[in-house]
file query_25.txt (compact mmCIF, C-alpha atoms and all ligand atoms)
# COMPACT_ATOMS: atom_id res chain seq x y z
CA MET A 1 -176.15 207.79 27.94
CA ARG A 2 -174.93 204.57 26.29
CA ARG A 3 -171.72 203.97 24.36
CA VAL A 4 -172.90 202.30 21.16
CA LEU A 5 -170.61 200.60 18.65
CA VAL A 6 -172.26 200.46 15.22
CA THR A 7 -170.52 198.23 12.69
CA GLY A 8 -171.11 199.03 9.02
CA GLY A 9 -172.27 202.52 9.97
CA ALA A 10 -171.02 204.03 6.70
CA GLY A 11 -173.43 201.85 4.69
CA PHE A 12 -177.05 202.47 3.73
CA ILE A 13 -178.96 201.23 6.77
CA GLY A 14 -176.16 201.56 9.33
CA SER A 15 -175.75 205.28 8.58
CA ASN A 16 -179.51 205.77 8.84
CA PHE A 17 -179.40 204.15 12.30
CA VAL A 18 -176.48 206.34 13.40
CA HIS A 19 -178.39 209.52 12.45
CA TYR A 20 -181.49 208.10 14.14
CA LEU A 21 -179.58 207.39 17.37
CA ILE A 22 -177.97 210.83 17.46
CA GLU A 23 -181.36 212.51 16.88
CA ASN A 24 -183.43 210.38 19.27
CA THR A 25 -181.10 209.52 22.19
CA ASP A 26 -178.16 211.04 24.05
CA ASP A 27 -175.96 208.05 23.14
CA HIS A 28 -172.32 208.33 22.10
CA VAL A 29 -171.73 206.45 18.87
CA THR A 30 -168.60 204.84 17.44
CA VAL A 31 -168.79 203.53 13.89
CA LEU A 32 -166.48 200.70 12.83
CA ASP A 33 -166.47 200.35 9.05
CA LYS A 34 -163.99 198.99 6.51
CA LEU A 35 -165.17 201.46 3.85
CA THR A 36 -165.58 198.85 1.15
CA TYR A 37 -167.08 199.98 -2.17
CA ALA A 38 -170.41 200.18 -0.24
CA GLY A 39 -169.22 202.44 2.57
CA ASN A 40 -169.35 206.21 2.18
CA LEU A 41 -168.25 208.69 4.84
CA ALA A 42 -170.44 211.34 3.20
CA SER A 43 -173.44 209.42 4.58
CA LEU A 44 -172.26 210.37 8.07
CA ALA A 45 -171.66 214.06 7.40
CA GLY A 46 -172.83 216.61 9.95
CA LEU A 47 -172.78 214.45 13.08
CA PRO A 48 -171.68 216.18 16.30
CA GLU A 49 -168.00 215.47 17.09
CA SER A 50 -168.79 215.37 20.81
CA ARG A 51 -171.01 212.30 20.36
CA PHE A 52 -169.66 210.57 17.27
CA ARG A 53 -166.40 209.08 16.08
CA PHE A 54 -165.42 207.00 13.08
CA VAL A 55 -162.93 204.11 13.05
CA LYS A 56 -161.85 202.56 9.78
CA GLY A 57 -161.29 198.81 10.21
CA ASP A 58 -162.36 195.27 9.46
CA ILE A 59 -164.84 193.45 11.74
CA ALA A 60 -162.89 190.25 11.09
CA ASP A 61 -159.77 191.77 12.68
CA ALA A 62 -159.87 190.90 16.39
CA SER A 63 -157.12 193.38 17.24
CA VAL A 64 -159.37 196.22 16.02
CA VAL A 65 -162.64 194.81 17.30
CA ASP A 66 -161.63 193.80 20.83
CA PRO A 67 -160.75 197.24 22.31
CA LEU A 68 -163.74 198.91 20.60
CA VAL A 69 -166.12 196.32 22.04
CA GLU A 70 -164.50 196.61 25.48
CA ALA A 71 -165.17 200.37 25.41
CA SER A 72 -168.88 199.92 24.49
CA ASP A 73 -172.13 199.19 26.32
CA VAL A 74 -173.94 197.93 23.21
CA VAL A 75 -172.82 196.64 19.82
CA VAL A 76 -175.26 196.92 16.91
CA HIS A 77 -173.88 194.85 14.04
CA TYR A 78 -174.82 196.03 10.54
CA ALA A 79 -171.54 195.45 8.65
CA ALA A 80 -171.93 192.93 5.85
CA GLU A 81 -171.39 192.20 2.24
CA SER A 82 -175.02 192.88 1.34
CA HIS A 83 -175.64 192.41 -2.38
CA ASN A 84 -176.97 189.12 -3.76
CA ASP A 85 -175.68 189.69 -7.29
CA ASN A 86 -172.13 190.26 -6.04
CA SER A 87 -172.35 187.09 -3.96
CA LEU A 88 -173.12 185.07 -7.10
CA HIS A 89 -169.97 186.30 -8.82
CA ASP A 90 -167.51 186.37 -5.88
CA PRO A 91 -168.77 184.66 -2.71
CA ARG A 92 -165.51 184.78 -0.72
CA PRO A 93 -165.89 188.26 0.84
CA PHE A 94 -169.35 187.19 2.03
CA VAL A 95 -167.85 184.31 4.00
CA ASP A 96 -165.07 186.51 5.38
CA THR A 97 -167.24 189.40 6.52
CA ASN A 98 -170.64 187.86 7.22
CA LEU A 99 -169.39 184.71 8.93
CA VAL A 100 -165.84 185.33 10.20
CA GLY A 101 -166.64 188.98 10.97
CA THR A 102 -169.70 188.04 13.03
CA PHE A 103 -167.71 185.32 14.81
CA THR A 104 -165.03 187.90 15.69
CA LEU A 105 -167.62 190.28 17.17
CA LEU A 106 -169.30 187.48 19.11
CA GLU A 107 -166.02 186.45 20.69
CA ALA A 108 -165.40 190.05 21.75
CA VAL A 109 -168.87 190.58 23.27
CA ARG A 110 -168.52 187.24 25.05
CA LYS A 111 -165.14 188.23 26.50
CA HIS A 112 -166.30 191.67 27.65
CA GLY A 113 -169.93 190.89 28.56
CA VAL A 114 -171.31 193.50 26.17
CA ARG A 115 -174.94 193.59 24.91
CA TYR A 116 -175.14 192.70 21.20
CA HIS A 117 -177.82 193.23 18.56
CA HIS A 118 -177.50 191.36 15.28
CA ILE A 119 -178.95 192.85 12.09
CA SER A 120 -180.15 190.24 9.65
CA THR A 121 -182.47 189.71 6.72
CA ASP A 122 -185.74 187.99 5.81
CA GLU A 123 -183.78 186.20 3.06
CA VAL A 124 -182.62 183.59 5.59
CA TYR A 125 -186.10 182.06 5.24
CA GLY A 126 -185.83 181.46 1.48
CA ASP A 127 -188.83 182.46 -0.61
CA LEU A 128 -192.61 182.07 -0.78
CA GLU A 129 -195.01 181.25 -3.61
CA LEU A 130 -196.90 184.29 -4.92
CA ASP A 131 -200.21 182.90 -3.62
CA ASP A 132 -198.94 181.52 -0.31
CA PRO A 133 -201.25 182.90 2.41
CA GLN A 134 -198.47 182.46 5.02
CA ARG A 135 -195.82 185.11 5.58
CA PHE A 136 -192.45 184.62 7.31
CA THR A 137 -192.61 184.47 11.11
CA GLU A 138 -189.96 183.87 13.77
CA GLN A 139 -190.89 180.15 13.52
CA THR A 140 -190.27 179.78 9.76
CA PRO A 141 -187.44 177.29 9.08
CA TYR A 142 -184.22 178.66 7.59
CA ASN A 143 -183.84 177.92 3.85
CA PRO A 144 -181.48 180.48 2.27
CA SER A 145 -180.89 180.51 -1.50
CA SER A 146 -177.80 182.60 -2.32
CA PRO A 147 -174.23 182.89 -1.01
CA TYR A 148 -175.34 186.22 0.55
CA SER A 149 -178.40 184.85 2.34
CA SER A 150 -176.67 181.62 3.38
CA THR A 151 -173.84 183.55 5.04
CA LYS A 152 -176.40 185.78 6.79
CA ALA A 153 -178.27 182.64 7.92
CA GLY A 154 -175.00 181.18 9.19
CA SER A 155 -174.25 184.38 11.10
CA ASP A 156 -177.69 184.24 12.77
CA LEU A 157 -177.02 180.66 13.84
CA LEU A 158 -173.66 181.66 15.31
CA VAL A 159 -175.48 184.28 17.41
CA ARG A 160 -178.02 181.74 18.63
CA ALA A 161 -175.23 179.31 19.59
CA TRP A 162 -173.28 182.04 21.42
CA VAL A 163 -176.43 182.93 23.39
CA ARG A 164 -177.17 179.35 24.37
CA SER A 165 -173.64 178.03 24.93
CA PHE A 166 -171.91 181.12 26.34
CA GLY A 167 -174.77 183.26 27.68
CA VAL A 168 -174.04 186.14 25.31
CA GLN A 169 -176.66 188.92 25.78
CA ALA A 170 -177.90 189.08 22.21
CA THR A 171 -181.01 189.76 20.16
CA ILE A 172 -181.52 189.26 16.41
CA SER A 173 -183.72 191.07 13.91
CA ASN A 174 -184.58 189.97 10.37
CA CYS A 175 -185.87 192.79 8.22
CA SER A 176 -187.38 192.98 4.74
CA ASN A 177 -186.16 195.13 1.80
CA ASN A 178 -185.24 198.69 2.80
CA TYR A 179 -185.55 201.77 0.62
CA GLY A 180 -184.75 205.44 1.16
CA PRO A 181 -181.86 207.89 0.68
CA TYR A 182 -178.16 206.87 0.75
CA GLN A 183 -178.71 203.39 -0.77
CA HIS A 184 -175.96 202.24 -3.13
CA VAL A 185 -176.80 202.46 -6.86
CA GLU A 186 -176.24 198.70 -7.27
CA LYS A 187 -179.56 198.03 -5.47
CA PHE A 188 -182.87 197.78 -7.33
CA ILE A 189 -184.64 201.05 -6.51
CA PRO A 190 -181.59 203.39 -6.67
CA ARG A 191 -180.39 201.67 -9.85
CA GLN A 192 -183.67 202.36 -11.62
CA ILE A 193 -184.00 205.94 -10.29
CA THR A 194 -180.44 206.84 -11.31
CA ASN A 195 -180.87 205.10 -14.67
CA VAL A 196 -183.79 207.41 -15.41
CA LEU A 197 -181.81 210.43 -14.13
CA THR A 198 -178.86 209.56 -16.42
CA GLY A 199 -181.01 208.83 -19.49
CA GLU A 200 -180.76 205.01 -19.24
CA ARG A 201 -183.75 202.69 -19.26
CA PRO A 202 -184.58 200.80 -16.02
CA LYS A 203 -183.61 197.11 -16.06
CA LEU A 204 -186.01 194.47 -14.81
CA TYR A 205 -184.73 190.96 -14.08
CA GLY A 206 -186.83 188.35 -15.92
CA ALA A 207 -190.55 189.02 -16.03
CA GLY A 208 -190.43 191.25 -12.94
CA LEU A 209 -193.06 189.25 -11.05
CA ASN A 210 -190.81 188.79 -8.00
CA VAL A 211 -192.24 190.39 -4.87
CA ARG A 212 -190.30 192.29 -2.21
CA ASP A 213 -191.75 193.59 1.07
CA TRP A 214 -190.59 197.24 1.18
CA ILE A 215 -189.92 199.16 4.38
CA HIS A 216 -188.47 202.66 4.72
CA ALA A 217 -184.98 202.64 6.29
CA ASN A 218 -186.17 205.06 9.02
CA ASP A 219 -188.74 202.48 10.14
CA HIS A 220 -186.02 199.83 10.25
CA SER A 221 -183.97 202.13 12.50
CA SER A 222 -186.86 202.80 14.90
CA ALA A 223 -187.51 199.05 15.11
CA VAL A 224 -183.86 198.29 15.91
CA LEU A 225 -183.74 200.91 18.65
CA THR A 226 -186.95 199.44 20.11
CA ILE A 227 -185.37 195.98 20.18
CA VAL A 228 -182.09 197.25 21.66
CA GLU A 229 -184.05 198.96 24.46
CA LYS A 230 -186.94 196.53 25.07
CA GLY A 231 -186.04 193.24 23.33
CA VAL A 232 -185.79 190.02 25.33
CA ILE A 233 -182.30 188.47 25.32
CA GLY A 234 -182.08 185.43 23.07
CA GLU A 235 -185.16 186.43 21.05
CA THR A 236 -185.51 187.05 17.31
CA TYR A 237 -187.81 189.78 15.96
CA LEU A 238 -189.01 190.10 12.37
CA ILE A 239 -189.22 193.68 11.06
CA GLY A 240 -191.61 194.56 8.23
CA ALA A 241 -194.16 197.18 7.25
CA ASP A 242 -196.65 195.26 5.06
CA GLY A 243 -195.11 196.69 1.89
CA GLU A 244 -195.35 193.86 -0.66
CA LYS A 245 -194.90 195.01 -4.28
CA ASP A 246 -193.81 193.18 -7.41
CA ASN A 247 -190.72 194.54 -9.17
CA LYS A 248 -192.58 195.44 -12.36
CA SER A 249 -195.00 197.66 -10.42
CA VAL A 250 -192.09 199.40 -8.67
CA VAL A 251 -190.32 200.14 -11.97
CA GLU A 252 -193.57 201.44 -13.47
CA LEU A 253 -194.15 203.66 -10.43
CA ILE A 254 -190.61 205.10 -10.69
CA LEU A 255 -191.25 205.86 -14.37
CA LYS A 256 -194.61 207.47 -13.57
CA LEU A 257 -193.12 209.59 -10.75
CA THR A 258 -190.29 210.76 -13.02
CA GLY A 259 -192.67 211.70 -15.85
CA GLN A 260 -191.61 208.88 -18.22
CA PRO A 261 -193.81 206.45 -20.18
CA THR A 262 -194.48 203.54 -17.80
CA ASP A 263 -193.29 200.97 -20.37
CA ALA A 264 -189.88 202.63 -20.93
CA TYR A 265 -187.84 199.82 -19.34
CA ASP A 266 -185.92 196.71 -20.49
CA HIS A 267 -186.24 193.10 -19.40
CA VAL A 268 -182.75 191.69 -18.78
CA VAL A 269 -181.22 188.33 -17.81
CA ASP A 270 -182.74 187.02 -14.58
CA ARG A 271 -180.73 186.52 -11.37
CA ALA A 272 -179.58 182.91 -10.83
CA GLY A 273 -181.69 181.25 -8.13
CA HIS A 274 -183.83 184.42 -7.90
CA ASP A 275 -186.08 184.31 -4.81
CA LEU A 276 -189.71 184.75 -5.87
CA ARG A 277 -191.35 186.45 -2.90
CA TYR A 278 -190.54 187.70 0.59
CA ALA A 279 -193.25 188.71 3.07
CA ILE A 280 -192.88 189.50 6.76
CA ASP A 281 -195.37 189.04 9.56
CA SER A 282 -194.11 191.48 12.21
CA THR A 283 -196.87 190.74 14.77
CA LYS A 284 -194.39 189.76 17.49
CA LEU A 285 -192.47 193.05 17.33
CA ARG A 286 -195.72 195.05 17.24
CA THR A 287 -197.56 193.23 20.02
CA GLU A 288 -194.69 192.41 22.40
CA LEU A 289 -192.58 195.58 22.01
CA GLY A 290 -195.21 198.07 20.76
CA TRP A 291 -193.36 199.08 17.56
CA ARG A 292 -195.24 200.66 14.63
CA PRO A 293 -193.90 201.76 11.22
CA GLU A 294 -194.44 205.42 10.30
CA PHE A 295 -193.87 205.30 6.52
CA GLN A 296 -196.90 203.39 5.25
CA ASP A 297 -197.40 205.34 1.99
CA PHE A 298 -194.94 203.67 -0.43
CA GLU A 299 -195.66 206.04 -3.31
CA ALA A 300 -194.93 209.10 -1.12
CA GLY A 301 -191.78 207.47 0.28
CA LEU A 302 -190.59 206.56 -3.22
CA ALA A 303 -191.28 210.10 -4.50
CA ALA A 304 -189.21 211.53 -1.63
CA THR A 305 -186.43 209.03 -2.39
CA ILE A 306 -186.43 210.07 -6.06
CA ASP A 307 -186.20 213.73 -4.96
CA TRP A 308 -183.21 212.83 -2.75
CA TYR A 309 -181.33 211.15 -5.63
CA ARG A 310 -182.16 214.11 -7.89
CA ALA A 311 -180.73 216.55 -5.31
CA ASN A 312 -177.69 214.46 -4.32
CA GLU A 313 -176.03 213.51 -7.58
CA ALA A 314 -172.60 214.18 -6.01
CA TRP A 315 -173.23 211.34 -3.54
CA TRP A 316 -174.07 208.62 -6.11
CA MET A 317 -172.63 209.69 -9.47
CA PRO A 318 -169.03 208.61 -8.70
CA GLN A 319 -170.20 204.96 -8.42
CA LYS A 320 -172.74 204.92 -11.22
CA ALA A 321 -170.63 204.20 -14.32
CA ALA A 322 -168.57 201.41 -12.74
CA THR A 323 -171.68 199.79 -11.25
CA GLU A 324 -173.51 199.83 -14.58
CA ALA A 325 -170.44 198.51 -16.43
CA LYS A 326 -170.39 195.51 -14.08
CA TYR A 327 -174.09 194.84 -14.73
CA VAL A 328 -173.71 195.19 -18.50
CA ALA A 329 -170.83 192.68 -18.47
CA GLN A 330 -173.25 190.24 -16.76
CA GLY A 331 -176.01 190.87 -19.30
CA GLN A 332 -178.03 192.72 -16.68
P1 LIG B 1 -174.40 198.23 2.64
O1 LIG B 1 -173.74 197.33 1.67
O2 LIG B 1 -175.01 199.50 2.16
O3 LIG B 1 -173.38 198.62 3.80
C1 LIG B 1 -172.52 197.68 4.39
C2 LIG B 1 -171.47 198.46 5.18
O4 LIG B 1 -170.63 197.49 5.84
C3 LIG B 1 -170.56 199.34 4.31
O5 LIG B 1 -170.38 200.59 4.90
C4 LIG B 1 -169.25 198.56 4.27
O6 LIG B 1 -168.11 199.38 4.12
C5 LIG B 1 -169.27 197.87 5.63
N1 LIG B 1 -168.44 196.66 5.66
C6 LIG B 1 -168.45 195.64 4.77
N2 LIG B 1 -167.55 194.70 5.13
C7 LIG B 1 -166.97 195.14 6.28
C8 LIG B 1 -166.00 194.60 7.16
N3 LIG B 1 -165.40 193.42 6.90
N4 LIG B 1 -165.65 195.30 8.25
C9 LIG B 1 -166.24 196.50 8.52
N5 LIG B 1 -167.18 197.07 7.73
C10 LIG B 1 -167.55 196.37 6.62
O7 LIG B 1 -175.48 197.32 3.38
P2 LIG B 1 -176.92 197.70 3.93
O8 LIG B 1 -177.92 197.54 2.87
O9 LIG B 1 -176.84 198.96 4.69
O10 LIG B 1 -177.14 196.48 4.98
C11 LIG B 1 -176.67 196.60 6.30
C12 LIG B 1 -177.08 195.37 7.07
O11 LIG B 1 -178.49 195.23 7.03
C13 LIG B 1 -176.52 194.06 6.53
O12 LIG B 1 -176.19 193.24 7.62
C14 LIG B 1 -177.67 193.47 5.74
O13 LIG B 1 -177.58 192.07 5.69
C15 LIG B 1 -178.84 193.93 6.57
N6 LIG B 1 -180.12 194.06 5.86
C16 LIG B 1 -180.19 194.84 4.74
C17 LIG B 1 -181.44 195.02 4.13
C18 LIG B 1 -181.59 195.88 2.89
O14 LIG B 1 -182.68 195.96 2.33
N7 LIG B 1 -180.58 196.60 2.44
C19 LIG B 1 -182.57 194.41 4.67
C20 LIG B 1 -182.44 193.61 5.82
C21 LIG B 1 -181.21 193.47 6.41
O1 LIG B 2 -184.87 191.22 1.81
C1 LIG B 2 -183.83 191.90 2.39
C2 LIG B 2 -182.67 192.00 1.42
O2 LIG B 2 -183.05 192.96 0.44
C3 LIG B 2 -181.36 192.40 2.07
O3 LIG B 2 -180.97 191.36 2.93
C4 LIG B 2 -180.26 192.64 1.02
O4 LIG B 2 -179.10 193.11 1.64
C5 LIG B 2 -180.78 193.66 0.04
O5 LIG B 2 -179.82 193.86 -1.00
C6 LIG B 2 -182.10 193.21 -0.56
O6 LIG B 2 -181.91 192.03 -1.37
P1 LIG B 2 -182.64 191.86 -2.79
O7 LIG B 2 -181.87 190.89 -3.59
O8 LIG B 2 -184.10 191.63 -2.61
O9 LIG B 2 -182.47 193.40 -3.33
P2 LIG B 2 -182.04 194.00 -4.73
O10 LIG B 2 -182.16 195.49 -4.57
O11 LIG B 2 -180.76 193.46 -5.23
O12 LIG B 2 -183.19 193.50 -5.70
C7 LIG B 2 -184.57 193.69 -5.41
C8 LIG B 2 -185.38 192.96 -6.48
O13 LIG B 2 -185.21 193.62 -7.73
C9 LIG B 2 -184.94 191.53 -6.71
O14 LIG B 2 -186.10 190.76 -7.00
C10 LIG B 2 -184.04 191.61 -7.94
C11 LIG B 2 -184.66 192.74 -8.73
N1 LIG B 2 -183.76 193.55 -9.56
C12 LIG B 2 -182.61 194.02 -9.01
C13 LIG B 2 -181.77 194.85 -9.74
C14 LIG B 2 -180.48 195.36 -9.15
C15 LIG B 2 -184.15 193.90 -10.86
O15 LIG B 2 -185.20 193.50 -11.36
N2 LIG B 2 -183.33 194.72 -11.58
C16 LIG B 2 -182.15 195.21 -11.08
O16 LIG B 2 -181.45 195.95 -11.79

call {"tool": "encode", "arguments": {"input": "query_25.txt", "output": "structure tokens", "more": "lines below"}}
Ligand code: NAD
Ligand code: DAU
result
Amino acid sequence: MRRVLVTGGAGFIGSNFVHYLIENTDDHVTVLDKLTYAGNLASLAGLPESRFRFVKGDIADASVVDPLVEASDVVVHYAAESHNDNSLHDPRPFVDTNLVGTFTLLEAVRKHGVRYHHISTDEVYGDLELDDPQRFTEQTPYNPSSPYSSTKAGSDLLVRAWVRSFGVQATISNCSNNYGPYQHVEKFIPRQITNVLTGERPKLYGAGLNVRDWIHANDHSSAVLTIVEKGVIGETYLIGADGEKDNKSVVELILKLTGQPTDAYDHVVDRAGHDLRYAIDSTKLRTELGWRPEFQDFEAGLAATIDWYRANEAWWMPQKAATEAKYVAQGQ
């Protein structure tokens, strides 16, 4: 039995990991989450009180972080400002949470000698040409494009420095785009699904040729647990499930699966600095730690995700109108 502190556990991927841990281990889990617009306690409903507790607080507040880290065997750090579009309009919270928050956690794990796993993104590597035969590997140089990805890149570099200079017992993972239930309606797939469900047309940035490498959130969680248990200290592991799709194809598939004409969407203003393509080579994680993704059928996973949003309107509807109003004000 481990005592695991999960930061950002009320968000999309963090809450998936908490459920995964409770179902697949006998760990005791504490979630530290600030409950920003992106955090939702309903995503953590039904967890056993004997093995789970929730603490509301800011990862950049050392007085909150320090005692929680001291009382843990492992910290798994998901908390972040996570949305690229928001980072283009108001970068400051990204610096505060992604950089200062990570620094605060690193100082606490250093002080108390606690194992730390850092959740990061493939976006730290910048983007690829559509026809580039190479995919991102652990050796790809950092080249982030947005305030979001640059603060995530900076947080990764802080972790590497704390490992080398202070001997912090840390691993890092960089994952590709996640999909599945409980994702905020600001993100691409839930936005388009809930647009269809509310009678709006899906909105595609630019021509929609940008490619993302989709992985189901459950596969991300199984990969993180594998790294926490078997990862080599100081190492970085890329997580991906060979799920490259261009945005136009994803919108058309959502329309097909919801029984709409596949051209019933709008092209809207493109994202500034929009990364063209992400693609992950996860050979290291597969060969060295024996991890395999389970959700390889994207169409089936997307259909199940659509069913979840259809059945759980109470979870997402309260955020829908305000999120769309923000996009409309930006021409998106
Ligand atoms: P999310 O926006 O859904 O959730 C973020 C959570 O962090 C929320 O619950 C929020 O309340 C909390 N939070 C934000 N600032 C905080 C602070 N200062 N203190 C405490 N809690 C705070 O994000 P997500 O999509 O679940 O992403 C989680 C992590 O995974 C992030 O680190 C992100 O960079 C990384 N990641 C995401 C993806 C993806 O496709 N979504 C892919 C790879 C990596
Ligand atoms: O690659 C991992 C990253 O994936 C994570 O680090 C981020 O936290 C996560 O938000 C995600 O970033 P993206 O910017 O790729 O995801 P987003 O869902 O915002 O957009 C996916 C693609 O869809 C991107 O090319 C932009 C496009 N898009 C997005 C929205 C919201 C549209 O075409 N229309 C939209 O309405």

call {"tool": "closest_residue", "arguments": {"input": "query_25.txt", "among": "A:Gly208, A:Pro133, A:Gly234, A:Gly273", "to": "A:Val251", "atoms": "all atoms listed in the file"}}
result
A:Gly208

call {"tool": "residues_near_ligand", "arguments": {"input": "query_25.txt", "ligand": "ligand LIG 2 (chain B)", "cutoff": "6 Å", "atoms": "all atoms listed in the file", "output": "count of residues only"}}
result
17

call {"tool": "atom_distance", "arguments": {"input": "query_25.txt", "atom1": "atom CA of A:Lys248", "atom2": "atom C18 of ligand LIG 1 (chain B)"}}
result
18.8 Å

call {"tool": "residues_around", "arguments": {"input": "query_25.txt", "residues": "A:Lys256", "least_positions_apart": "2", "cutoff": "12 Å", "atoms": "only C-alpha atoms", "output": "number ranges by chain"}}
result
A: 193, 196, 249-254, 258-265, 299, 302-303, 306

call {"tool": "write_last_selection", "arguments": {"input": "query_25.txt", "atoms": "C-alpha atoms", "output": "PDB file, in the frame of the given file"}}
result
ATOM      1  CA  ILE A 193    -184.000 205.940 -10.290  1.00  0.00           C
ATOM      2  CA  VAL A 196    -183.790 207.410 -15.410  1.00  0.00           C
ATOM      3  CA  SER A 249    -195.000 197.660 -10.420  1.00  0.00           C
ATOM      4  CA  VAL A 250    -192.090 199.400  -8.670  1.00  0.00           C
ATOM      5  CA  VAL A 251    -190.320 200.140 -11.970  1.00  0.00           C
ATOM      6  CA  GLU A 252    -193.570 201.440 -13.470  1.00  0.00           C
ATOM      7  CA  LEU A 253    -194.150 203.660 -10.430  1.00  0.00           C
ATOM      8  CA  ILE A 254    -190.610 205.100 -10.690  1.00  0.00           C
ATOM      9  CA  THR A 258    -190.290 210.760 -13.020  1.00  0.00           C
ATOM     10  CA  GLY A 259    -192.670 211.700 -15.850  1.00  0.00           C
ATOM     11  CA  GLN A 260    -191.610 208.880 -18.220  1.00  0.00           C
ATOM     12  CA  PRO A 261    -193.810 206.450 -20.180  1.00  0.00           C
ATOM     13  CA  THR A 262    -194.480 203.540 -17.800  1.00  0.00           C
ATOM     14  CA  ASP A 263    -193.290 200.970 -20.370  1.00  0.00           C
ATOM     15  CA  ALA A 264    -189.880 202.630 -20.930  1.00  0.00           C
ATOM     16  CA  TYR A 265    -187.840 199.820 -19.340  1.00  0.00           C
ATOM     17  CA  GLU A 299    -195.660 206.040  -3.310  1.00  0.00           C
ATOM     18  CA  LEU A 302    -190.590 206.560  -3.220  1.00  0.00           C
ATOM     19  CA  ALA A 303    -191.280 210.100  -4.500  1.00  0.00           C
ATOM     20  CA  ILE A 306    -186.430 210.070  -6.060  1.00  0.00           C
TER      21      ILE A 306
END

call {"tool": "closest_residue", "arguments": {"input": "query_25.txt", "among": "A:Lys34, A:Asp275, A:Ser146, A:Lys320", "to": "A:Leu130", "atoms": "only C-alpha atoms"}}
result
A:Asp275

call {"tool": "atom_distance", "arguments": {"input": "query_25.txt", "atom1": "atom CA of A:Leu255", "atom2": "atom CA of A:Ala207"}}
result
16.9 Å

call {"tool": "atom_distance", "arguments": {"input": "query_25.txt", "atom1": "atom C14 of ligand LIG 1 (chain B)", "atom2": "atom CA of A:Gln139"}}
result
20.3 Å

call {"tool": "closest_atom_pairs", "arguments": {"input": "query_25.txt", "of": "chain A", "to": "ligand LIG 1 (chain B)", "cutoff": "6 Å", "atoms": "only C-alpha atoms and all ligand atoms", "output": "tab-separated table"}}
result
residue	atom	partner	partner_atom	distance
A:Gly8	CA	B:LIG1	O4	3.6
A:Gly9	CA	B:LIG1	O5	5.7
A:Ala10	CA	B:LIG1	O5	3.9
A:Gly11	CA	B:LIG1	O5	3.3
A:Phe12	CA	B:LIG1	O9	3.6
A:Ile13	CA	B:LIG1	O9	3.7
A:Gly14	CA	B:LIG1	O9	5.4
A:Asp33	CA	B:LIG1	N5	3.6
A:Lys34	CA	B:LIG1	C9	3.9
A:Leu35	CA	B:LIG1	O6	3.6
A:Thr36	CA	B:LIG1	O6	3.9
A:Ala38	CA	B:LIG1	C3	4.6
A:Gly39	CA	B:LIG1	O5	3.2
A:Gly57	CA	B:LIG1	C9	5.7
A:Asp58	CA	B:LIG1	N4	3.5
A:Ile59	CA	B:LIG1	N4	4.0
A:Ala60	CA	B:LIG1	N3	5.8
A:Tyr78	CA	B:LIG1	C12	4.2
A:Ala79	CA	B:LIG1	O4	3.6
A:Ala80	CA	B:LIG1	C6	4.5
A:Glu81	CA	B:LIG1	C6	5.2
A:Ser82	CA	B:LIG1	O1	4.6
A:Thr97	CA	B:LIG1	N3	4.4
A:Ile119	CA	B:LIG1	O12	5.3
A:Ser120	CA	B:LIG1	C21	4.7
A:Thr121	CA	B:LIG1	C21	4.0
A:Cys175	CA	B:LIG1	C20	4.3
A:Ser176	CA	B:LIG1	C19	5.0
A:Asn177	CA	B:LIG1	O14	3.6
A:Asn178	CA	B:LIG1	O14	3.8

call {"tool": "write_last_selection", "arguments": {"input": "query_25.txt", "atoms": "C-alpha atoms", "output": "PDB file, keeping the file's coordinate frame"}}
result
ATOM      1  CA  GLY A   8    -171.110 199.030   9.020  1.00  0.00           C
ATOM      2  CA  GLY A   9    -172.270 202.520   9.970  1.00  0.00           C
ATOM      3  CA  ALA A  10    -171.020 204.030   6.700  1.00  0.00           C
ATOM      4  CA  GLY A  11    -173.430 201.850   4.690  1.00  0.00           C
ATOM      5  CA  PHE A  12    -177.050 202.470   3.730  1.00  0.00           C
ATOM      6  CA  ILE A  13    -178.960 201.230   6.770  1.00  0.00           C
ATOM      7  CA  GLY A  14    -176.160 201.560   9.330  1.00  0.00           C
ATOM      8  CA  ASP A  33    -166.470 200.350   9.050  1.00  0.00           C
ATOM      9  CA  LYS A  34    -163.990 198.990   6.510  1.00  0.00           C
ATOM     10  CA  LEU A  35    -165.170 201.460   3.850  1.00  0.00           C
ATOM     11  CA  THR A  36    -165.580 198.850   1.150  1.00  0.00           C
ATOM     12  CA  ALA A  38    -170.410 200.180  -0.240  1.00  0.00           C
ATOM     13  CA  GLY A  39    -169.220 202.440   2.570  1.00  0.00           C
ATOM     14  CA  GLY A  57    -161.290 198.810  10.210  1.00  0.00           C
ATOM     15  CA  ASP A  58    -162.360 195.270   9.460  1.00  0.00           C
ATOM     16  CA  ILE A  59    -164.840 193.450  11.740  1.00  0.00           C
ATOM     17  CA  ALA A  60    -162.890 190.250  11.090  1.00  0.00           C
ATOM     18  CA  TYR A  78    -174.820 196.030  10.540  1.00  0.00           C
ATOM     19  CA  ALA A  79    -171.540 195.450   8.650  1.00  0.00           C
ATOM     20  CA  ALA A  80    -171.930 192.930   5.850  1.00  0.00           C
ATOM     21  CA  GLU A  81    -171.390 192.200   2.240  1.00  0.00           C
ATOM     22  CA  SER A  82    -175.020 192.880   1.340  1.00  0.00           C
ATOM     23  CA  THR A  97    -167.240 189.400   6.520  1.00  0.00           C
ATOM     24  CA  ILE A 119    -178.950 192.850  12.090  1.00  0.00           C
ATOM     25  CA  SER A 120    -180.150 190.240   9.650  1.00  0.00           C
ATOM     26  CA  THR A 121    -182.470 189.710   6.720  1.00  0.00           C
ATOM     27  CA  CYS A 175    -185.870 192.790   8.220  1.00  0.00           C
ATOM     28  CA  SER A 176    -187.380 192.980   4.740  1.00  0.00           C
ATOM     29  CA  ASN A 177    -186.160 195.130   1.800  1.00  0.00           C
ATOM     30  CA  ASN A 178    -185.240 198.690   2.800  1.00  0.00           C
TER      31      ASN A 178
END
